[in-house]
file start16.pdb (PDB, C-alpha atoms, pLDDT in the B column)
ATOM      1  CA  MET A  18     128.116 127.580  60.007  1.00 46.00           C
ATOM      2  CA  LYS A  19     131.343 129.546  59.663  1.00 52.00           C
ATOM      3  CA  THR A  20     131.512 132.073  56.876  1.00 60.00           C
ATOM      4  CA  LEU A  21     134.811 131.754  55.051  1.00 65.00           C
ATOM      5  CA  THR A  22     137.030 134.628  54.130  1.00 82.00           C
ATOM      6  CA  HIS A  23     138.690 134.404  50.743  1.00 86.00           C
ATOM      7  CA  ILE A  24     142.008 133.680  52.486  1.00 89.00           C
ATOM      8  CA  GLU A  25     140.536 130.823  54.524  1.00 86.00           C
ATOM      9  CA  ASN A  26     138.894 129.411  51.424  1.00 88.00           C
ATOM     10  CA  ASP A  27     142.177 129.460  49.480  1.00 92.00           C
ATOM     11  CA  ILE A  28     144.104 127.856  52.326  1.00 93.00           C
ATOM     12  CA  ILE A  29     141.474 125.185  52.952  1.00 92.00           C
ATOM     13  CA  ASN A  30     141.347 124.355  49.244  1.00 92.00           C
ATOM     14  CA  HIS A  31     145.142 124.131  49.145  1.00 94.00           C
ATOM     15  CA  LEU A  32     145.054 121.675  52.060  1.00 94.00           C
ATOM     16  CA  LEU A  33     142.195 119.640  50.611  1.00 94.00           C
ATOM     17  CA  ASP A  34     143.911 119.432  47.212  1.00 93.00           C
ATOM     18  CA  GLN A  35     146.974 117.822  48.773  1.00 93.00           C
ATOM     19  CA  LEU A  36     145.512 115.577  51.472  1.00 95.00           C
ATOM     20  CA  ASP A  37     145.160 112.422  49.386  1.00 95.00           C
ATOM     21  CA  ASP A  38     148.873 112.598  48.562  1.00 95.00           C
ATOM     22  CA  LEU A  39     149.776 112.650  52.260  1.00 96.00           C
ATOM     23  CA  ILE A  40     148.697 109.107  53.147  1.00 96.00           C
ATOM     24  CA  ASP A  41     151.626 107.299  54.798  1.00 97.00           C
ATOM     25  CA  THR A  42     153.356 110.534  55.811  1.00 95.00           C
ATOM     26  CA  GLU A  43     153.956 111.573  59.401  1.00 97.00           C
ATOM     27  CA  ARG A  44     151.128 113.434  61.135  1.00 96.00           C
ATOM     28  CA  ASP A  45     153.620 115.956  62.497  1.00 95.00           C
ATOM     29  CA  ASP A  46     154.734 116.714  58.936  1.00 95.00           C
ATOM     30  CA  LEU A  47     151.207 117.479  57.698  1.00 95.00           C
ATOM     31  CA  HIS A  48     151.679 121.241  57.899  1.00 95.00           C
ATOM     32  CA  HIS A  49     155.205 121.162  56.465  1.00 95.00           C
ATOM     33  CA  ASN A  50     154.225 118.918  53.560  1.00 95.00           C
ATOM     34  CA  THR A  51     151.173 121.001  52.741  1.00 95.00           C
ATOM     35  CA  PHE A  52     152.484 124.546  53.105  1.00 94.00           C
ATOM     36  CA  ASN A  53     156.270 124.350  53.005  1.00 92.00           C
ATOM     37  CA  ALA A  54     157.294 121.533  50.670  1.00 91.00           C
ATOM     38  CA  ASP A  55     155.826 123.389  47.687  1.00 87.00           C
ATOM     39  CA  TYR A  56     154.697 126.923  46.982  1.00 91.00           C
ATOM     40  CA  PHE A  57     151.190 128.024  47.897  1.00 94.00           C
ATOM     41  CA  ILE A  58     151.377 130.598  45.127  1.00 95.00           C
ATOM     42  CA  THR A  59     153.991 131.120  42.428  1.00 96.00           C
ATOM     43  CA  GLY A  60     155.007 134.238  40.614  1.00 97.00           C
ATOM     44  CA  TYR A  61     155.452 137.765  41.871  1.00 97.00           C
ATOM     45  CA  TYR A  62     152.447 139.101  39.977  1.00 97.00           C
ATOM     46  CA  SER A  63     150.096 136.330  41.187  1.00 97.00           C
ATOM     47  CA  ALA A  64     151.307 136.760  44.758  1.00 97.00           C
ATOM     48  CA  GLU A  65     150.938 140.530  44.648  1.00 96.00           C
ATOM     49  CA  ARG A  66     147.440 140.148  43.209  1.00 96.00           C
ATOM     50  CA  TRP A  67     146.491 137.587  45.911  1.00 96.00           C
ATOM     51  CA  LEU A  68     147.715 139.891  48.674  1.00 96.00           C
ATOM     52  CA  LYS A  69     145.841 142.830  47.186  1.00 95.00           C
ATOM     53  CA  ASP A  70     142.635 140.847  46.547  1.00 93.00           C
ATOM     54  CA  ASN A  71     142.665 139.766  50.200  1.00 92.00           C
ATOM     55  CA  ASP A  72     143.334 143.246  51.571  1.00 92.00           C
ATOM     56  CA  ILE A  73     146.634 142.161  53.068  1.00 94.00           C
ATOM     57  CA  HIS A  74     148.644 145.338  53.277  1.00 95.00           C
ATOM     58  CA  ILE A  75     152.338 144.694  52.818  1.00 95.00           C
ATOM     59  CA  PHE A  76     153.446 145.966  56.221  1.00 96.00           C
ATOM     60  CA  ASP A  77     150.583 144.217  58.036  1.00 96.00           C
ATOM     61  CA  GLY A  78     151.473 140.952  56.293  1.00 96.00           C
ATOM     62  CA  ILE A  79     155.155 141.340  57.131  1.00 97.00           C
ATOM     63  CA  LYS A  80     154.334 142.176  60.757  1.00 97.00           C
ATOM     64  CA  TYR A  81     152.108 139.080  61.091  1.00 97.00           C
ATOM     65  CA  CYS A  82     154.737 136.771  59.554  1.00 98.00           C
ATOM     66  CA  GLN A  83     157.546 138.235  61.652  1.00 98.00           C
ATOM     67  CA  GLU A  84     155.491 137.869  64.835  1.00 98.00           C
ATOM     68  CA  MET A  85     154.769 134.237  63.987  1.00 97.00           C
ATOM     69  CA  GLU A  86     158.455 133.547  63.268  1.00 97.00           C
ATOM     70  CA  ASP A  87     159.463 135.180  66.541  1.00 97.00           C
ATOM     71  CA  ILE A  88     156.870 133.194  68.523  1.00 97.00           C
ATOM     72  CA  ASN A  89     157.711 129.875  66.854  1.00 95.00           C
ATOM     73  CA  PHE A  90     161.471 130.194  66.257  1.00 95.00           C
ATOM     74  CA  GLY A  91     162.550 132.825  68.772  1.00 97.00           C
ATOM     75  CA  GLU A  92     163.892 135.014  65.992  1.00 97.00           C
ATOM     76  CA  ILE A  93     162.979 136.520  62.652  1.00 96.00           C
ATOM     77  CA  GLN A  94     164.666 134.535  59.906  1.00 93.00           C
ATOM     78  CA  THR A  95     163.005 135.622  56.667  1.00 96.00           C
ATOM     79  CA  THR A  96     163.660 138.647  54.505  1.00 96.00           C
ATOM     80  CA  PHE A  97     160.392 139.710  52.905  1.00 96.00           C
ATOM     81  CA  ASP A  98     161.767 141.315  49.784  1.00 96.00           C
ATOM     82  CA  ASN A  99     159.110 140.251  47.282  1.00 97.00           C
ATOM     83  CA  PRO A 100     155.365 139.509  47.224  1.00 97.00           C
ATOM     84  CA  GLU A 101     155.853 135.797  46.541  1.00 97.00           C
ATOM     85  CA  THR A 102     157.827 135.309  49.762  1.00 97.00           C
ATOM     86  CA  LEU A 103     155.255 137.253  51.752  1.00 97.00           C
ATOM     87  CA  ALA A 104     152.209 135.473  50.291  1.00 97.00           C
ATOM     88  CA  ASN A 105     153.742 132.022  50.811  1.00 97.00           C
ATOM     89  CA  HIS A 106     154.798 132.760  54.389  1.00 97.00           C
ATOM     90  CA  TYR A 107     151.414 134.268  55.170  1.00 97.00           C
ATOM     91  CA  ALA A 108     149.702 131.125  53.856  1.00 96.00           C
ATOM     92  CA  TYR A 109     152.221 128.964  55.752  1.00 97.00           C
ATOM     93  CA  TRP A 110     151.287 130.538  59.097  1.00 97.00           C
ATOM     94  CA  LYS A 111     147.552 130.630  58.381  1.00 95.00           C
ATOM     95  CA  GLY A 112     147.787 126.997  57.281  1.00 95.00           C
ATOM     96  CA  GLN A 113     149.449 126.113  60.573  1.00 95.00           C
ATOM     97  CA  GLU A 114     146.608 127.779  62.468  1.00 94.00           C
ATOM     98  CA  LEU A 115     144.077 125.791  60.437  1.00 92.00           C
ATOM     99  CA  ILE A 116     145.762 122.409  60.828  1.00 94.00           C
ATOM    100  CA  TYR A 117     146.468 122.735  64.540  1.00 93.00           C
ATOM    101  CA  SER A 118     142.927 123.952  65.193  1.00 92.00           C
ATOM    102  CA  LEU A 119     141.478 120.682  63.888  1.00 93.00           C
ATOM    103  CA  GLU A 120     139.866 118.840  66.783  1.00 94.00           C
ATOM    104  CA  CYS A 121     140.934 115.518  65.300  1.00 94.00           C
ATOM    105  CA  PHE A 122     144.615 116.450  64.871  1.00 94.00           C
ATOM    106  CA  ASN A 123     145.927 114.945  68.114  1.00 93.00           C
ATOM    107  CA  ASP A 124     143.852 111.805  67.601  1.00 95.00           C
ATOM    108  CA  LEU A 125     145.317 111.014  64.184  1.00 96.00           C
ATOM    109  CA  ASN A 126     147.761 108.147  63.796  1.00 95.00           C
ATOM    110  CA  ASP A 127     151.459 109.021  63.850  1.00 96.00           C
ATOM    111  CA  THR A 128     151.581 107.931  60.217  1.00 97.00           C
ATOM    112  CA  LEU A 129     148.555 109.215  58.341  1.00 97.00           C
ATOM    113  CA  THR A 130     146.158 106.601  57.028  1.00 97.00           C
ATOM    114  CA  LYS A 131     143.353 106.858  54.508  1.00 97.00           C
ATOM    115  CA  GLU A 132     140.943 106.976  57.462  1.00 97.00           C
ATOM    116  CA  ASP A 133     142.899 109.884  59.013  1.00 97.00           C
ATOM    117  CA  ILE A 134     142.662 111.839  55.776  1.00 97.00           C
ATOM    118  CA  LYS A 135     138.914 111.176  55.688  1.00 96.00           C
ATOM    119  CA  ARG A 136     138.595 112.422  59.297  1.00 96.00           C
ATOM    120  CA  ILE A 137     140.397 115.644  58.406  1.00 96.00           C
ATOM    121  CA  LYS A 138     138.216 116.205  55.346  1.00 95.00           C
ATOM    122  CA  ASP A 139     135.029 115.376  57.256  1.00 93.00           C
ATOM    123  CA  GLU A 140     135.899 117.833  60.012  1.00 93.00           C
ATOM    124  CA  ILE A 141     136.722 120.604  57.570  1.00 90.00           C
ATOM    125  CA  TRP A 142     133.574 119.968  55.522  1.00 87.00           C
ATOM    126  CA  ALA A 143     131.378 119.869  58.633  1.00 86.00           C
ATOM    127  CA  TYR A 144     132.888 122.946  60.272  1.00 81.00           C
ATOM    128  CA  TYR A 145     132.902 125.105  57.177  1.00 75.00           C
ATOM    129  CA  LYS A 146     129.737 123.582  55.636  1.00 68.00           C
ATOM    130  CA  LEU A 147     131.532 123.015  52.374  1.00 60.00           C
ATOM    131  CA  PRO A 148     129.378 121.750  49.513  1.00 55.00           C
ATOM    132  CA  PHE A 149     131.501 118.662  48.697  1.00 48.00           C
TER     133      PHE A 149
END

call {"tool": "encode", "arguments": {"input": "start16.pdb", "output": "structure tokens"}}
result
Amino acid sequence: MKTLTHIENDIINHLLDQLDDLIDTERDDLHHNTFNADYFITGYYSAERWLKDNDIHIFDGIKYCQEMEDINFGEIQTTFDNPETLANHYAYWKGQELIYSLECFNDLNDTLTKEDIKRIKDEIWAYYKLPF
């Protein structure tokens, strides 16, 4: 059983909350649709509180996000000038790690089916021993 950090729990819940709405979308858009098409967290105060509650120090969070942008895009594109931008980008990259770490990801249909969504949920619930 894997013990969840608060960050992992928030990101997993965000993914699980949106999965049923992603039937008939492209598998390769799963991460984008979950963590980029809408905000993970809204409001500067809520974002600042989330970062603080999760012990994400501003400069450590910026460094992580910039490293991920550099690795994935070959350059740093984002200006982190407020807590909302930082919290959403941090969740975006952590969400990518979660989705691409799913053992079932490469075996999903190109267009997600109800069965694919169930496979994702089942894997997450089994790995994290979630009480659902």

call {"tool": "closest_residue", "arguments": {"input": "start16.pdb", "among": "A:Glu25, A:Glu120, A:Glu84, A:Glu101", "to": "Ile58 (chain A)", "atoms": "only C-alpha atoms"}}
result
A:Glu101

call {"tool": "atom_distance", "arguments": {"input": "start16.pdb", "atom1": "CA of Phe52 (chain A)", "atom2": "CA of His106 (chain A)"}}
result
8.6 Å

call {"tool": "closest_residue", "arguments": {"input": "start16.pdb", "among": "A:Ile40, A:Leu32, A:Ala54, A:Ile73", "to": "Asp133 (chain A)", "atoms": "only C-alpha atoms"}}
result
A:Ile40

call {"tool": "atom_distance", "arguments": {"input": "start16.pdb", "atom1": "CA of Leu47 (chain A)", "atom2": "CA of His74 (chain A)"}}
result
28.3 Å

call {"tool": "resolve_selection", "arguments": {"input": "start16.pdb", "expression": "the PyMOL selection byres ((chain A and resi 109) around 12)", "output": "PyMOL selection string"}}
result
chain A and resi 24-25+27-29+31-32+47-58+81-82+85-86+102-108+110-116

call {"tool": "resolve_selection", "arguments": {"input": "start16.pdb", "expression": "the PyMOL selection byres ((chain A and resi 126-129) around 9)", "output": "JSON, numbers by chain"}}
result
{"A": [39, 40, 41, 42, 43, 44, 45, 47, 122, 123, 124, 125, 130, 131, 132, 133, 134]}

call {"tool": "atom_distance", "arguments": {"input": "start16.pdb", "atom1": "CA of Leu68 (chain A)", "atom2": "CA of Asn99 (chain A)"}}
result
11.5 Å

call {"tool": "residues_around", "arguments": {"input": "start16.pdb", "residues": "Thr95 (chain A)", "least_positions_apart": "2", "cutoff": "8 Å", "atoms": "all atoms listed in the file", "output": "list in words"}}
result
Gln83, Ile93 and Phe97 of chain A

call {"tool": "closest_residue", "arguments": {"input": "start16.pdb", "among": "A:Tyr61, A:Tyr144, A:Tyr117, A:Trp67", "to": "Asp98 (chain A)", "atoms": "all atoms listed in the file"}}
result
A:Tyr61

call {"tool": "decode", "arguments": {"input": "start16.pdb", "residues": "region 20-70 of chain A", "atoms": "N, CA and C atoms", "output": "mmCIF file, in the first residue's frame"}}
result
data_model
loop_
_atom_site.group_PDB
_atom_site.id
_atom_site.type_symbol
_atom_site.label_atom_id
_atom_site.label_comp_id
_atom_site.auth_asym_id
_atom_site.auth_seq_id
_atom_site.Cartn_x
_atom_site.Cartn_y
_atom_site.Cartn_z
ATOM 1 N N THR A 20 1.401 5.106 0.764
ATOM 2 C CA THR A 20 0.870 6.186 1.579
ATOM 3 C C THR A 20 0.878 7.455 0.738
ATOM 4 N N LEU A 21 -0.256 8.111 0.679
ATOM 5 C CA LEU A 21 -0.395 9.307 -0.144
ATOM 6 C C LEU A 21 0.051 10.556 0.590
ATOM 7 N N THR A 22 0.747 11.413 -0.134
ATOM 8 C CA THR A 22 0.985 12.750 0.385
ATOM 9 C C THR A 22 -0.277 13.555 0.100
ATOM 10 N N HIS A 23 -0.409 14.671 0.733
ATOM 11 C CA HIS A 23 -1.561 15.540 0.503
ATOM 12 C C HIS A 23 -1.614 15.970 -0.961
ATOM 13 N N ILE A 24 -0.458 16.259 -1.550
ATOM 14 C CA ILE A 24 -0.389 16.670 -2.949
ATOM 15 C C ILE A 24 -0.902 15.553 -3.846
ATOM 16 N N GLU A 25 -0.396 14.339 -3.641
ATOM 17 C CA GLU A 25 -0.840 13.203 -4.451
ATOM 18 C C GLU A 25 -2.339 12.991 -4.309
ATOM 19 N N ASN A 26 -2.829 13.097 -3.099
ATOM 20 C CA ASN A 26 -4.257 12.919 -2.857
ATOM 21 C C ASN A 26 -5.076 13.952 -3.631
ATOM 22 N N ASP A 27 -4.659 15.210 -3.577
ATOM 23 C CA ASP A 27 -5.376 16.267 -4.304
ATOM 24 C C ASP A 27 -5.356 16.025 -5.807
ATOM 25 N N ILE A 28 -4.212 15.628 -6.328
ATOM 26 C CA ILE A 28 -4.074 15.421 -7.765
ATOM 27 C C ILE A 28 -4.864 14.193 -8.215
ATOM 28 N N ILE A 29 -4.806 13.136 -7.445
ATOM 29 C CA ILE A 29 -5.586 11.933 -7.767
ATOM 30 C C ILE A 29 -7.075 12.248 -7.730
ATOM 31 N N ASN A 30 -7.517 12.958 -6.715
ATOM 32 C CA ASN A 30 -8.939 13.319 -6.632
ATOM 33 C C ASN A 30 -9.364 14.207 -7.796
ATOM 34 N N HIS A 31 -8.492 15.105 -8.205
ATOM 35 C CA HIS A 31 -8.790 15.966 -9.359
ATOM 36 C C HIS A 31 -8.961 15.105 -10.610
ATOM 37 N N LEU A 32 -8.076 14.142 -10.808
ATOM 38 C CA LEU A 32 -8.184 13.234 -11.950
ATOM 39 C C LEU A 32 -9.462 12.404 -11.869
ATOM 40 N N LEU A 33 -9.697 11.794 -10.719
ATOM 41 C CA LEU A 33 -10.874 10.944 -10.560
ATOM 42 C C LEU A 33 -12.179 11.716 -10.764
ATOM 43 N N ASP A 34 -12.214 12.961 -10.315
ATOM 44 C CA ASP A 34 -13.412 13.789 -10.466
ATOM 45 C C ASP A 34 -13.751 14.060 -11.925
ATOM 46 N N GLN A 35 -12.751 14.033 -12.794
ATOM 47 C CA GLN A 35 -12.977 14.399 -14.188
ATOM 48 C C GLN A 35 -13.041 13.218 -15.139
ATOM 49 N N LEU A 36 -12.642 12.038 -14.703
ATOM 50 C CA LEU A 36 -12.531 10.901 -15.611
ATOM 51 C C LEU A 36 -13.814 10.572 -16.370
ATOM 52 N N ASP A 37 -14.934 10.553 -15.689
ATOM 53 C CA ASP A 37 -16.184 10.177 -16.357
ATOM 54 C C ASP A 37 -16.548 11.125 -17.502
ATOM 55 N N ASP A 38 -16.061 12.353 -17.435
ATOM 56 C CA ASP A 38 -16.333 13.326 -18.493
ATOM 57 C C ASP A 38 -15.387 13.173 -19.683
ATOM 58 N N LEU A 39 -14.425 12.255 -19.571
ATOM 59 C CA LEU A 39 -13.415 12.121 -20.621
ATOM 60 C C LEU A 39 -13.648 10.927 -21.547
ATOM 61 N N ILE A 40 -14.784 10.260 -21.392
ATOM 62 C CA ILE A 40 -15.142 9.183 -22.322
ATOM 63 C C ILE A 40 -15.281 9.806 -23.714
ATOM 64 N N ASP A 41 -14.767 9.125 -24.698
ATOM 65 C CA ASP A 41 -14.779 9.558 -26.103
ATOM 66 C C ASP A 41 -13.780 10.673 -26.404
ATOM 67 N N THR A 42 -12.837 10.922 -25.509
ATOM 68 C CA THR A 42 -11.752 11.846 -25.822
ATOM 69 C C THR A 42 -10.510 11.024 -26.152
ATOM 70 N N GLU A 43 -9.529 11.654 -26.727
ATOM 71 C CA GLU A 43 -8.307 10.958 -27.115
ATOM 72 C C GLU A 43 -7.453 10.621 -25.883
ATOM 73 N N ARG A 44 -6.936 9.402 -25.876
ATOM 74 C CA ARG A 44 -6.066 8.967 -24.774
ATOM 75 C C ARG A 44 -4.913 9.949 -24.587
ATOM 76 N N ASP A 45 -4.311 10.386 -25.684
ATOM 77 C CA ASP A 45 -3.162 11.275 -25.586
ATOM 78 C C ASP A 45 -3.517 12.663 -25.071
ATOM 79 N N ASP A 46 -4.808 12.962 -24.988
ATOM 80 C CA ASP A 46 -5.255 14.242 -24.440
ATOM 81 C C ASP A 46 -5.713 14.124 -22.982
ATOM 82 N N LEU A 47 -5.576 12.953 -22.398
ATOM 83 C CA LEU A 47 -6.039 12.727 -21.027
ATOM 84 C C LEU A 47 -5.399 13.718 -20.060
ATOM 85 N N HIS A 48 -4.102 13.860 -20.124
ATOM 86 C CA HIS A 48 -3.406 14.786 -19.225
ATOM 87 C C HIS A 48 -3.825 16.229 -19.509
ATOM 88 N N HIS A 49 -3.826 16.614 -20.766
ATOM 89 C CA HIS A 49 -4.199 17.987 -21.127
ATOM 90 C C HIS A 49 -5.617 18.316 -20.649
ATOM 91 N N ASN A 50 -6.552 17.410 -20.934
ATOM 92 C CA ASN A 50 -7.943 17.672 -20.563
ATOM 93 C C ASN A 50 -8.158 17.704 -19.057
ATOM 94 N N THR A 51 -7.345 16.981 -18.328
ATOM 95 C CA THR A 51 -7.511 16.923 -16.879
ATOM 96 C C THR A 51 -6.811 18.074 -16.163
ATOM 97 N N PHE A 52 -5.618 18.431 -16.610
ATOM 98 C CA PHE A 52 -4.814 19.392 -15.856
ATOM 99 C C PHE A 52 -4.499 20.689 -16.588
ATOM 100 N N ASN A 53 -4.971 20.829 -17.826
ATOM 101 C CA ASN A 53 -4.648 22.046 -18.560
ATOM 102 C C ASN A 53 -5.879 22.743 -19.133
ATOM 103 N N ALA A 54 -6.939 21.995 -19.367
ATOM 104 C CA ALA A 54 -8.137 22.593 -19.961
ATOM 105 C C ALA A 54 -8.910 23.440 -18.946
ATOM 106 N N ASP A 55 -8.686 23.196 -17.673
ATOM 107 C CA ASP A 55 -9.335 23.959 -16.614
ATOM 108 C C ASP A 55 -8.344 24.095 -15.465
ATOM 109 N N TYR A 56 -8.594 25.016 -14.591
ATOM 110 C CA TYR A 56 -7.690 25.226 -13.460
ATOM 111 C C TYR A 56 -7.805 24.103 -12.437
ATOM 112 N N PHE A 57 -6.676 23.723 -11.875
ATOM 113 C CA PHE A 57 -6.626 22.796 -10.755
ATOM 114 C C PHE A 57 -7.095 23.524 -9.499
ATOM 115 N N ILE A 58 -6.659 24.759 -9.376
ATOM 116 C CA ILE A 58 -7.036 25.582 -8.224
ATOM 117 C C ILE A 58 -7.229 27.010 -8.720
ATOM 118 N N THR A 59 -8.233 27.696 -8.196
ATOM 119 C CA THR A 59 -8.485 29.066 -8.615
ATOM 120 C C THR A 59 -8.369 30.014 -7.441
ATOM 121 N N GLY A 60 -7.881 31.173 -7.743
ATOM 122 C CA GLY A 60 -7.740 32.222 -6.737
ATOM 123 C C GLY A 60 -6.349 32.253 -6.138
ATOM 124 N N TYR A 61 -5.814 33.454 -6.028
ATOM 125 C CA TYR A 61 -4.463 33.613 -5.492
ATOM 126 C C TYR A 61 -4.374 33.122 -4.048
ATOM 127 N N TYR A 62 -5.373 33.480 -3.243
ATOM 128 C CA TYR A 62 -5.324 33.079 -1.834
ATOM 129 C C TYR A 62 -5.380 31.560 -1.695
ATOM 130 N N SER A 63 -6.300 30.908 -2.407
ATOM 131 C CA SER A 63 -6.430 29.447 -2.332
ATOM 132 C C SER A 63 -5.150 28.769 -2.808
ATOM 133 N N ALA A 64 -4.570 29.288 -3.863
ATOM 134 C CA ALA A 64 -3.334 28.708 -4.399
ATOM 135 C C ALA A 64 -2.182 28.887 -3.419
ATOM 136 N N GLU A 65 -2.077 30.073 -2.860
ATOM 137 C CA GLU A 65 -1.014 30.329 -1.880
ATOM 138 C C GLU A 65 -1.169 29.421 -0.665
ATOM 139 N N ARG A 66 -2.392 29.254 -0.218
ATOM 140 C CA ARG A 66 -2.688 28.381 0.922
ATOM 141 C C ARG A 66 -2.328 26.922 0.588
ATOM 142 N N TRP A 67 -2.695 26.462 -0.616
ATOM 143 C CA TRP A 67 -2.395 25.093 -1.043
ATOM 144 C C TRP A 67 -0.885 24.859 -1.078
ATOM 145 N N LEU A 68 -0.158 25.812 -1.634
ATOM 146 C CA LEU A 68 1.304 25.682 -1.683
ATOM 147 C C LEU A 68 1.880 25.604 -0.268
ATOM 148 N N LYS A 69 1.409 26.484 0.587
ATOM 149 C CA LYS A 69 1.899 26.527 1.963
ATOM 150 C C LYS A 69 1.519 25.255 2.728
ATOM 151 N N ASP A 70 0.282 24.813 2.595
ATOM 152 C CA ASP A 70 -0.180 23.604 3.289
ATOM 153 C C ASP A 70 0.590 22.367 2.857
#
